[in-house]
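Q: Contents are compact mmCIF, C-alpha atoms; file name run-v6.txt:
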```txt
# COMPACT_ATOMS: atom_id res chain seq x y z
CA MET P 1 86.43 93.99 153.20
CA ALA P 2 86.80 97.53 154.43
CA SER P 3 90.23 97.78 152.82
CA LYS P 4 88.85 96.43 149.50
CA THR P 5 86.08 99.09 149.54
CA LYS P 6 88.67 101.78 150.28
CA LYS P 7 90.74 100.63 147.29
CA ILE P 8 87.70 100.72 144.98
CA ILE P 9 86.84 104.24 146.14
CA LEU P 10 90.46 105.42 145.71
CA TYR P 11 90.75 103.92 142.22
CA SER P 12 87.38 105.44 141.25
CA ILE P 13 88.46 108.89 142.44
CA ALA P 14 91.83 108.58 140.65
CA GLY P 15 90.02 107.48 137.48
CA MET P 16 87.59 110.38 137.65
CA VAL P 17 90.44 112.87 138.21
CA LEU P 18 92.30 111.41 135.24
CA ILE P 19 89.23 111.58 132.98
CA GLY P 20 88.43 115.12 134.17
CA THR P 21 92.00 116.31 133.57
CA SER P 22 92.18 114.80 130.10
CA ILE P 23 88.78 116.32 129.13
CA GLY P 24 89.92 119.71 130.47
CA TYR P 25 93.24 119.47 128.60
CA LYS P 26 91.47 118.49 125.36
CA MET P 27 88.96 121.36 125.69
CA TYR P 28 91.71 123.90 126.50
CA ASN P 29 93.71 122.85 123.46
CA LYS P 30 90.84 122.23 121.04
CA GLU P 31 91.52 123.65 117.59
CA HIS P 32 89.56 126.29 115.74
CA PHE P 33 86.99 124.62 113.51
CA SER P 34 87.96 124.18 109.90
CA VAL P 35 86.28 126.53 107.40
CA SER P 36 87.15 124.26 104.48
CA GLY P 37 85.56 121.25 106.17
CA THR P 38 82.32 123.00 107.16
CA ARG P 39 79.26 123.30 104.92
CA PRO P 40 78.10 126.91 104.49
CA SER P 41 74.80 127.68 106.20
CA ALA P 42 73.89 130.20 103.46
CA ALA P 43 75.01 131.05 99.93
CA ILE P 44 74.46 134.60 98.66
CA ALA P 45 75.64 137.15 96.10
CA ALA P 46 77.92 139.91 97.45
CA ILE P 47 75.55 142.68 96.30
CA ILE P 48 72.54 141.11 98.07
CA LEU P 49 74.55 140.40 101.24
CA HIS P 50 75.55 144.06 101.55
CA GLN P 51 72.02 145.24 100.74
CA THR P 52 70.57 142.97 103.44
CA PHE P 53 72.95 144.29 106.12
CA SER P 54 72.42 147.93 105.16
CA THR P 55 68.61 147.76 104.94
CA ASP P 56 67.52 145.02 107.37
CA SER P 57 70.25 144.40 109.93
CA THR P 58 68.09 142.16 112.16
CA THR P 59 67.37 139.69 109.35
CA ALA P 60 71.01 139.87 108.24
CA LYS P 61 72.34 139.15 111.74
CA ASN P 62 69.94 136.24 112.27
CA THR P 63 70.71 134.73 108.88
CA PHE P 64 74.44 135.26 108.46
CA ILE P 65 76.02 135.62 111.92
CA GLY P 66 76.24 132.74 114.35
CA ASP P 67 75.88 132.96 118.10
CA GLU P 68 78.79 133.56 120.47
CA ALA P 69 79.90 129.94 120.68
CA ASN P 70 78.88 128.66 117.24
CA GLN P 71 79.99 130.74 114.31
CA LYS P 72 78.32 130.43 110.90
CA ILE P 73 80.12 129.86 107.62
CA ILE P 74 78.60 131.59 104.60
CA GLN P 75 79.40 131.34 100.91
CA VAL P 76 79.56 134.56 98.89
CA ASP P 77 79.98 135.08 95.18
CA GLY P 78 80.84 138.33 93.45
CA GLU P 79 83.25 140.40 91.40
CA ILE P 80 86.65 141.28 92.86
CA ALA P 81 86.99 145.06 93.18
CA ALA P 82 90.51 145.03 94.65
CA ILE P 83 93.08 142.80 96.29
CA LYS P 84 95.16 144.15 99.18
CA GLU P 85 97.28 142.95 102.03
CA ASP P 86 96.65 143.72 105.70
CA GLN P 87 99.37 144.64 108.20
CA GLN P 88 99.83 140.97 109.14
CA GLY P 89 100.43 139.92 105.52
CA ASN P 90 97.00 138.30 105.01
CA THR P 91 95.35 138.80 101.63
CA ILE P 92 92.22 140.97 101.64
CA ILE P 93 89.73 140.52 98.81
CA LEU P 94 87.18 143.30 98.37
CA LEU P 95 84.00 142.23 96.57
CA LYS P 96 81.92 144.81 94.74
CA THR P 97 78.54 145.89 96.10
CA ALA P 98 75.87 148.26 94.79
CA THR P 99 77.20 151.09 97.02
CA ASP P 100 80.23 153.11 95.93
CA GLY P 101 83.15 152.61 98.32
CA ALA P 102 81.40 149.76 100.21
CA PHE P 103 82.58 146.17 99.90
CA ILE P 104 82.37 142.66 101.23
CA ASN P 105 85.72 142.79 103.03
CA CYS P 106 87.16 139.26 103.03
CA THR P 107 90.29 138.43 105.04
CA MET P 108 91.76 135.26 103.57
CA GLU P 109 93.50 132.58 105.61
CA GLY P 110 97.09 133.50 104.78
CA ARG P 111 98.27 134.70 101.39
CA THR P 112 96.24 133.91 98.30
CA GLU P 113 97.84 133.77 94.88
CA ARG P 114 96.47 133.69 91.32
CA ILE P 115 93.47 135.98 91.71
CA ASN P 116 92.83 139.17 89.77
CA ALA P 117 90.71 142.28 90.24
CA GLY P 118 87.72 142.22 87.88
CA SER P 119 87.29 138.45 87.93
CA LYS P 120 84.42 136.54 89.55
CA ILE P 121 85.02 134.52 92.67
CA VAL P 122 83.15 132.27 95.11
CA LEU P 123 84.51 132.10 98.64
CA LYS P 124 83.40 131.04 102.07
CA GLY P 125 84.23 132.40 105.48
CA ILE P 126 82.89 133.54 108.87
CA CYS P 127 80.69 136.63 108.76
CA THR P 128 81.40 138.90 111.77
CA GLY P 129 78.94 141.67 110.82
CA TYR P 130 78.59 145.09 109.21
CA ASN P 131 81.19 147.65 110.27
CA PHE P 132 79.41 150.94 109.66
CA ASP P 133 79.18 154.11 111.70
CA SER P 134 77.20 156.99 110.21
CA GLU P 135 79.29 159.55 112.16
CA MET P 136 82.46 158.48 110.35
CA GLY P 137 81.12 159.31 106.89
CA ILE P 138 82.71 156.22 105.33
CA PRO P 139 80.61 153.56 103.54
CA GLY P 140 80.46 150.41 105.70
CA ASP P 141 81.79 146.99 104.72
CA VAL P 142 80.37 143.57 105.56
CA ILE P 143 83.25 141.68 107.16
CA LEU P 144 84.18 138.06 106.45
CA ILE P 145 87.18 136.45 108.13
CA ARG P 146 89.15 133.20 107.71
CA CYS P 147 87.99 133.01 104.08
CA ILE P 148 88.94 130.37 101.56
CA ILE P 149 88.23 130.20 97.85
CA SER P 150 85.34 127.83 97.04
CA ASN P 151 85.59 127.60 93.26
CA MET A 1 87.07 187.22 85.12
CA LYS A 2 90.60 186.10 86.03
CA TYR A 3 89.96 187.32 89.57
CA LEU A 4 86.76 185.24 89.80
CA ILE A 5 88.55 182.10 88.56
CA PHE A 6 91.31 182.71 91.14
CA VAL A 7 88.77 183.10 94.00
CA PHE A 8 86.91 179.97 92.86
CA ALA A 9 90.18 178.00 92.72
CA VAL A 10 91.17 179.18 96.23
CA LEU A 11 87.74 178.26 97.63
CA LEU A 12 87.82 174.84 95.97
CA SER A 13 91.29 174.07 97.30
CA ALA A 14 90.32 175.23 100.82
CA LYS A 15 87.26 172.94 100.74
CA THR A 16 89.39 169.99 99.58
CA THR A 17 91.90 170.57 102.38
CA LEU A 18 89.17 170.94 105.00
CA ALA A 19 87.52 167.71 103.90
CA GLN A 20 90.73 165.72 104.14
CA LYS A 21 90.06 162.39 105.82
CA LEU A 22 92.52 159.54 105.94
CA TYR A 23 91.12 156.11 106.69
CA THR A 24 91.51 152.36 106.56
CA LYS A 25 89.02 149.52 106.83
CA ASN A 26 91.72 146.98 107.65
CA GLY A 27 93.56 148.54 110.55
CA SER A 28 94.95 146.39 113.32
CA ILE A 29 94.09 146.36 117.02
CA SER A 30 95.52 143.79 119.43
CA ILE A 31 94.57 143.05 123.01
CA PHE A 32 97.05 141.48 125.39
CA SER A 33 96.75 140.10 128.91
CA SER A 34 99.77 138.90 130.82
CA THR A 35 99.76 136.97 134.10
CA LYS A 36 102.14 134.54 135.81
CA MET A 37 99.93 131.71 134.55
CA GLU A 38 99.75 132.66 130.85
CA ASP A 39 99.86 135.34 128.17
CA ILE A 40 96.74 135.84 126.07
CA LYS A 41 96.75 137.80 122.81
CA ALA A 42 94.12 138.43 120.16
CA ASP A 43 94.21 140.41 116.91
CA ASN A 44 91.52 142.17 114.94
CA ASN A 45 92.60 143.20 111.44
CA GLN A 46 89.30 144.65 110.20
CA VAL A 47 89.35 147.94 112.12
CA LEU A 48 87.67 150.94 110.49
CA CYS A 49 89.80 153.94 111.50
CA VAL A 50 89.29 157.52 110.31
CA LEU A 51 91.50 160.55 110.97
CA ASN A 52 90.50 164.07 109.98
CA THR A 53 93.85 165.73 109.33
CA GLN A 54 92.41 169.23 109.80
CA THR A 55 90.37 168.87 112.99
CA GLY A 56 92.31 165.96 114.53
CA GLU A 57 89.13 163.91 115.00
CA LEU A 58 90.12 160.25 115.31
CA GLN A 59 87.59 157.44 115.36
CA PHE A 60 87.72 153.70 115.16
CA SER A 61 85.15 150.97 115.07
CA LEU A 62 85.61 147.21 115.17
CA LEU A 63 83.42 144.12 115.36
CA ASN A 64 84.22 142.17 118.53
CA LYS A 65 83.70 138.83 116.77
CA GLY A 66 86.69 139.68 114.56
CA PHE A 67 89.18 139.12 117.41
CA HIS A 68 91.16 135.98 116.67
CA PHE A 69 92.79 134.08 119.54
CA GLU A 70 95.38 131.35 119.33
CA LYS A 71 93.12 128.96 121.23
CA ALA A 72 89.51 128.33 120.17
CA LEU A 73 88.36 128.05 123.80
CA MET A 74 89.73 131.51 124.63
CA GLU A 75 87.88 132.96 121.64
CA GLU A 76 84.65 131.30 122.77
CA HIS A 77 85.01 132.58 126.34
CA PHE A 78 85.87 136.09 125.10
CA ASN A 79 82.75 136.26 122.90
CA GLU A 80 80.40 134.44 125.26
CA ASN A 81 81.41 135.44 128.80
CA TYR A 82 83.51 138.60 128.71
CA ILE A 83 82.73 140.92 125.80
CA GLU A 84 79.27 139.32 125.10
CA SER A 85 79.63 139.99 121.41
CA ASN A 86 76.02 139.19 120.45
CA LYS A 87 74.75 141.81 122.89
CA PHE A 88 77.58 144.29 122.25
CA PRO A 89 78.82 143.59 118.71
CA LYS A 90 81.07 146.67 118.42
CA SER A 91 83.82 148.47 120.27
CA THR A 92 84.45 152.09 119.29
CA PHE A 93 86.63 155.08 120.04
CA LYS A 94 85.68 158.67 119.24
CA GLY A 95 88.21 161.29 120.16
CA THR A 96 90.54 164.07 119.10
CA VAL A 97 94.27 164.29 118.54
CA ALA A 98 95.28 167.25 120.73
CA ASP A 99 98.33 168.31 118.76
CA ILE A 100 97.31 167.57 115.16
CA SER A 101 98.73 170.91 113.94
CA LYS A 102 102.23 169.63 114.80
CA VAL A 103 101.88 166.75 112.34
CA ASN A 104 103.18 167.56 108.87
CA PHE A 105 101.46 165.03 106.62
CA ALA A 106 103.64 166.17 103.70
CA SER A 107 106.91 165.35 105.43
CA ASP A 108 108.20 161.92 106.52
CA GLY A 109 108.68 161.58 110.27
CA THR A 110 107.36 160.23 113.57
CA TYR A 111 105.10 162.74 115.28
CA PRO A 112 104.22 162.15 118.98
CA ILE A 113 100.55 162.77 119.70
CA THR A 114 98.06 162.62 122.56
CA VAL A 115 94.52 161.44 121.92
CA LYS A 116 91.58 161.95 124.23
CA GLY A 117 88.10 160.59 123.69
CA ASP A 118 85.36 158.11 124.47
CA LEU A 119 86.25 154.44 124.42
CA THR A 120 83.17 152.19 124.30
CA MET A 121 83.50 148.50 125.11
CA HIS A 122 80.92 146.03 126.42
CA GLY A 123 78.29 148.81 126.27
CA VAL A 124 80.23 151.08 128.66
CA THR A 125 81.77 154.39 127.57
CA LYS A 126 84.75 155.85 129.43
CA ILE A 127 86.89 158.90 128.70
CA THR A 128 90.35 157.64 127.75
CA THR A 129 93.61 159.46 127.13
CA ALA A 130 96.40 157.75 125.23
CA SER A 131 99.72 158.78 123.83
CA GLY A 132 101.01 157.51 120.52
CA ASN A 133 102.54 158.47 117.22
CA ILE A 134 101.51 159.41 113.75
CA ILE A 135 104.17 158.03 111.45
CA VAL A 136 104.36 159.58 107.98
CA LYS A 137 106.29 157.61 105.40
CA ASP A 138 106.23 158.04 101.62
CA GLY A 139 103.15 160.23 101.89
CA LYS A 140 101.16 157.68 103.92
CA ALA A 141 100.26 158.02 107.59
CA THR A 142 100.02 155.34 110.27
CA ALA A 143 98.33 155.94 113.62
CA ALA A 144 99.94 153.93 116.43
CA SER A 145 99.23 153.83 120.15
CA LYS A 146 99.46 151.53 123.15
CA PHE A 147 97.34 152.00 126.27
CA THR A 148 95.70 149.96 129.01
CA ALA A 149 92.06 149.52 129.97
CA LYS A 150 90.83 148.15 133.28
CA LEU A 151 88.28 145.39 132.65
CA ALA A 152 86.22 146.29 135.74
CA ASP A 153 85.72 149.83 134.33
CA TYR A 154 83.83 148.25 131.43
CA ASN A 155 81.77 145.88 133.61
CA ILE A 156 83.75 142.88 132.38
CA SER A 157 84.06 140.46 135.25
CA ILE A 158 86.44 137.52 135.38
CA PRO A 159 85.13 134.34 137.04
CA GLY A 160 87.07 133.15 140.10
CA ALA A 161 88.21 129.94 138.36
CA VAL A 162 90.31 131.87 135.80
CA LYS A 163 91.16 134.93 137.90
CA ASN A 164 94.86 134.02 137.89
CA ASN A 165 94.88 133.53 134.11
CA ILE A 166 93.49 136.91 133.02
CA SER A 167 94.97 140.26 133.93
CA GLU A 168 92.75 142.92 135.55
CA SER A 169 93.96 145.40 132.91
CA ILE A 170 94.46 144.62 129.25
CA GLU A 171 96.95 146.29 126.95
CA ILE A 172 95.43 147.64 123.73
CA THR A 173 97.74 148.21 120.76
CA VAL A 174 96.47 150.26 117.82
CA ASN A 175 98.28 150.19 114.50
CA CYS A 176 96.27 151.63 111.62
CA ASN A 177 97.87 152.26 108.27
CA LEU A 178 95.62 155.05 106.91
CA ASP A 179 96.09 154.27 103.23
CA GLN A 180 92.78 155.65 101.88
CA LYS A 181 91.72 159.29 101.38
CA MET A 182 88.41 161.06 100.97
```
So that I can check it, write out the structure of this file as structure tokens.
A:
Amino acid sequence: MASKTKKIILYSIAGMVLIGTSIGYKMYNKEHFSVSGTRPSAAIAAIILHQTFSTDSTTAKNTFIGDEANQKIIQVDGEIAAIKEDQQGNTIILLKTATDGAFINCTMEGRTERINAGSKIVLKGICTGYNFDSEMGIPGDVILIRCIISN
Amino acid sequence: MKYLIFVFAVLLSAKTTLAQKLYTKNGSISIFSSTKMEDIKADNNQVLCVLNTQTGELQFSLLNKGFHFEKALMEEHFNENYIESNKFPKSTFKGTVADISKVNFASDGTYPITVKGDLTMHGVTKITTASGNIIVKDGKATAASKFTAKLADYNISIPGAVKNNISESIEITVNCNLDQKM
């Protein structure tokens, strides 16, 4: 009887260790969530998005930026001001705003073909905030990363 | 009259030169930690970096949430536990290139520089000195530097459970192609 109890305890511990290890392994290797498979939590025009960040940053942060563990996906529509490439080879789409030299700065997931400056676009991505510093004297951009084209 | 036009032209050109700022809004900064257990790297490609070619003032600003890690869990821990990106959304550097006069922005070449200034991370500002290069190629300048920062100096503490996985000092690599002028 005592030996049977010992066996049950041993098997239970081994089972718990196995379950714990596999949960830990799964969590460690979990993938980044998919932007394409996630519904945007807000849809907004590029001009309004920039205006909101530059005039009411608290509202903008609460509406468009997720918390530390749960990022928000937003959908933005606007006119393409320029298309560039960053130093890693990702396509950057700059959407026009009402402020000269300020853009919605969208880093696409990888290279993006068949888009032209001057055309309208709808895209979705993760908003990381408004990169502006008055001491630098450069108009600030609202930053979106991991963007994909929605339309 | 000719004299007045000449003086006006000289003044205008002097003002233009003095106001020369090179900048990018998509510069690159990487952080790297290496231990026996694992290497951890993250990139941020939305760095706002401005260099005043006359005064040598060099500044950069980045949003901490823009750091992208290979593993989602590392990114979560970085934002939630280490850099606390909701509380401290930005990291910045404000400093001066000591030997800016030695850089000839009109001539291709690699110019060694030393930068000294205030590095602010996790709400803590520390004076930092770093060496690097300004690389001029085809009329465009790139600011590049590699330096280390001790996490404890910025009140970033590593929990005991992952102490062997994260280095006490991280390597910061700056690579900003300053392709815009104003």
Q: Using only C-alpha atoms, find each residue of chain A with at least one atom at most 9 Å away from an atom of chain P; report its shortest atom-to-atom pair and that distance in Å (one decimal), sort the rows by chain and rising residue number, and return the result as a Markdown table.
A:
```
| residue | atom | partner | partner_atom | distance |
| --- | --- | --- | --- | --- |
| A:Tyr23 | CA | P:Ile138 | CA | 8.5 |
| A:Lys25 | CA | P:Asp141 | CA | 7.9 |
| A:Asn26 | CA | P:Asp86 | CA | 6.2 |
| A:Gly27 | CA | P:Gln87 | CA | 7.4 |
| A:Ser28 | CA | P:Gln87 | CA | 7.0 |
| A:Asn45 | CA | P:Asp86 | CA | 7.0 |
| A:Gln46 | CA | P:Ile143 | CA | 7.4 |
| A:Val47 | CA | P:Asn131 | CA | 8.4 |
| A:Leu48 | CA | P:Asn131 | CA | 7.3 |
| A:Cys49 | CA | P:Met136 | CA | 8.7 |
| A:Val50 | CA | P:Met136 | CA | 6.9 |
| A:Gln59 | CA | P:Met136 | CA | 7.2 |
| A:Phe60 | CA | P:Met136 | CA | 8.6 |
| A:Ser61 | CA | P:Asn131 | CA | 7.1 |
| A:Leu62 | CA | P:Asn131 | CA | 6.6 |
| A:Leu63 | CA | P:Asn131 | CA | 6.6 |
| A:Asn64 | CA | P:Thr128 | CA | 8.0 |
| A:Lys65 | CA | P:Thr128 | CA | 5.5 |
| A:Gly66 | CA | P:Thr128 | CA | 6.0 |
| A:Glu70 | CA | P:His32 | CA | 8.5 |
| A:Lys71 | CA | P:Asn29 | CA | 6.5 |
| A:Ala72 | CA | P:His32 | CA | 4.9 |
| A:Leu73 | CA | P:Tyr28 | CA | 6.0 |
| A:Met74 | CA | P:Tyr28 | CA | 8.1 |
| A:Glu75 | CA | P:Ala69 | CA | 8.6 |
| A:Glu76 | CA | P:Ala69 | CA | 5.4 |
| A:His77 | CA | P:Ala69 | CA | 8.1 |
| A:Phe78 | CA | P:Glu68 | CA | 8.8 |
| A:Asn79 | CA | P:Glu68 | CA | 5.4 |
| A:Glu80 | CA | P:Glu68 | CA | 5.1 |
| A:Asn81 | CA | P:Glu68 | CA | 8.9 |
| A:Glu84 | CA | P:Glu68 | CA | 7.4 |
| A:Ser85 | CA | P:Glu68 | CA | 6.6 |
| A:Asn86 | CA | P:Glu68 | CA | 6.3 |
| A:Pro89 | CA | P:Gly129 | CA | 8.1 |
| A:Lys90 | CA | P:Asn131 | CA | 8.2 |
| A:Asn175 | CA | P:Gln87 | CA | 8.5 |
| A:Cys176 | CA | P:Gln87 | CA | 8.4 |
| A:Asn177 | CA | P:Gln87 | CA | 7.8 |
| A:Met182 | CA | P:Ile138 | CA | 8.7 |
```
Q: How would the residues just chosen look if you wrote them out with C-alpha atoms as a compact mmCIF listing (two decimals), in the coordinates of the input?
A:
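Result saved to out-v9.txt:
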```
# COMPACT_ATOMS: atom_id res chain seq x y z
CA TYR A 23 91.12 156.11 106.69
CA LYS A 25 89.02 149.52 106.83
CA ASN A 26 91.72 146.98 107.65
CA GLY A 27 93.56 148.54 110.55
CA SER A 28 94.95 146.39 113.32
CA ASN A 45 92.60 143.20 111.44
CA GLN A 46 89.30 144.65 110.20
CA VAL A 47 89.35 147.94 112.12
CA LEU A 48 87.67 150.94 110.49
CA CYS A 49 89.80 153.94 111.50
CA VAL A 50 89.29 157.52 110.31
CA GLN A 59 87.59 157.44 115.36
CA PHE A 60 87.72 153.70 115.16
CA SER A 61 85.15 150.97 115.07
CA LEU A 62 85.61 147.21 115.17
CA LEU A 63 83.42 144.12 115.36
CA ASN A 64 84.22 142.17 118.53
CA LYS A 65 83.70 138.83 116.77
CA GLY A 66 86.69 139.68 114.56
CA GLU A 70 95.38 131.35 119.33
CA LYS A 71 93.12 128.96 121.23
CA ALA A 72 89.51 128.33 120.17
CA LEU A 73 88.36 128.05 123.80
CA MET A 74 89.73 131.51 124.63
CA GLU A 75 87.88 132.96 121.64
CA GLU A 76 84.65 131.30 122.77
CA HIS A 77 85.01 132.58 126.34
CA PHE A 78 85.87 136.09 125.10
CA ASN A 79 82.75 136.26 122.90
CA GLU A 80 80.40 134.44 125.26
CA ASN A 81 81.41 135.44 128.80
CA GLU A 84 79.27 139.32 125.10
CA SER A 85 79.63 139.99 121.41
CA ASN A 86 76.02 139.19 120.45
CA PRO A 89 78.82 143.59 118.71
CA LYS A 90 81.07 146.67 118.42
CA ASN A 175 98.28 150.19 114.50
CA CYS A 176 96.27 151.63 111.62
CA ASN A 177 97.87 152.26 108.27
CA MET A 182 88.41 161.06 100.97
```
Q: Quick one: pull the distance between CA of Gly117 in chain A and CA of Asn52 in chain A, Å, one decimal.
A: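 CA of Asn52 in chain A lies at a distance of 14.3 Å from CA of Gly117 in chain A.
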Q: Could you work out how far CA of Thr173 in chain A lies from CA of Asn44 in chain A, giving the answer in Å with one decimal?
A: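 Rounded to one decimal, the two atoms are 10.4 Å apart.
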Q: Quick one: 3 Å padding each side, axis-aligned, all listed atoms of range 118-121 of chain A - centre and edge lengths in Å to one decimal, as lines of an AutoDock Vina configuration file?
A:
```
center_x = 84.7
center_y = 153.3
center_z = 124.7
size_x = 9.1
size_y = 15.6
size_z = 6.8
```
Q: What is the distance between CA of Ile127 in chain A and CA of Lys94 in chain A, in Å to one decimal?
A: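 So the two atoms, CA of Ile127 in chain A and CA of Lys94 in chain A, lie 9.5 Å apart.
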Q: Can you pull out every residue within 12 Å of Val162 in chain A, counting all atoms listed in the file, but drop anything in the same chain fewer than 3 positions away, and send it as an mmCIF file with C-alpha atoms, in the frame of the given file?
A:
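Result went into part_9.cif, see below:
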```cif
data_model
loop_
_atom_site.group_PDB
_atom_site.id
_atom_site.type_symbol
_atom_site.label_atom_id
_atom_site.label_comp_id
_atom_site.auth_asym_id
_atom_site.auth_seq_id
_atom_site.Cartn_x
_atom_site.Cartn_y
_atom_site.Cartn_z
ATOM 1 C CA THR A 35 99.760 136.970 134.100
ATOM 2 C CA MET A 37 99.930 131.710 134.550
ATOM 3 C CA GLU A 38 99.750 132.660 130.850
ATOM 4 C CA MET A 74 89.730 131.510 124.630
ATOM 5 C CA HIS A 77 85.010 132.580 126.340
ATOM 6 C CA ASN A 81 81.410 135.440 128.800
ATOM 7 C CA TYR A 82 83.510 138.600 128.710
ATOM 8 C CA SER A 157 84.060 140.460 135.250
ATOM 9 C CA ILE A 158 86.440 137.520 135.380
ATOM 10 C CA PRO A 159 85.130 134.340 137.040
ATOM 11 C CA ASN A 165 94.880 133.530 134.110
ATOM 12 C CA ILE A 166 93.490 136.910 133.020
ATOM 13 C CA SER A 167 94.970 140.260 133.930
ATOM 14 C CA GLU A 168 92.750 142.920 135.550
#
```
Q: Taking 3 positions as the minimum chain separation for residues in the same chain, which residues sit within 10 Å of Thr63 in chain P when counting all atoms listed in the file? Answer as a list of chain:residue names.
A: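 Neighbouring residues, sequence-local ones excluded: P:Ser41, P:Ala42, P:Thr52, P:Ser57, P:Thr58, P:Thr59, P:Ala60, P:Gly66, P:Lys72, P:Ile74.
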Q: Near Ile47 in chain P, within 8 Å and counting only C-alpha atoms, which residues show up once chain neighbours fewer than 3 positions away are dropped, as a PDB file with C-alpha atoms, in the coordinates of the input?
A:
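Output contents, as saved in selection.pdb:
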```pdb
ATOM      1  CA  HIS P  50      75.550 144.060 101.550  1.00  0.00           C
ATOM      2  CA  GLN P  51      72.020 145.240 100.740  1.00  0.00           C
ATOM      3  CA  GLY P  78      80.840 138.330  93.450  1.00  0.00           C
ATOM      4  CA  LYS P  96      81.920 144.810  94.740  1.00  0.00           C
ATOM      5  CA  THR P  97      78.540 145.890  96.100  1.00  0.00           C
ATOM      6  CA  ALA P  98      75.870 148.260  94.790  1.00  0.00           C
TER       7      ALA P  98
END
```
Q: Within 9 Å of range 98-102 of chain A, counting only C-alpha atoms, which residues qualify if same-chain residues fewer than 3 places away don't, as a PyMOL selection string?
A: chain A and resi 53-57+111-116
Q: Can you pull out the residues contacting Ser36 in chain P? Cut-off 10 Å, using only C-alpha atoms, and skip same-chain residues under 6 positions away; I want them as a list in words.
A: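 My list of contacting residues is Ile73, Lys124, Gly125, Arg146, Cys147, Ile148, Ile149 and Ser150 of chain P.
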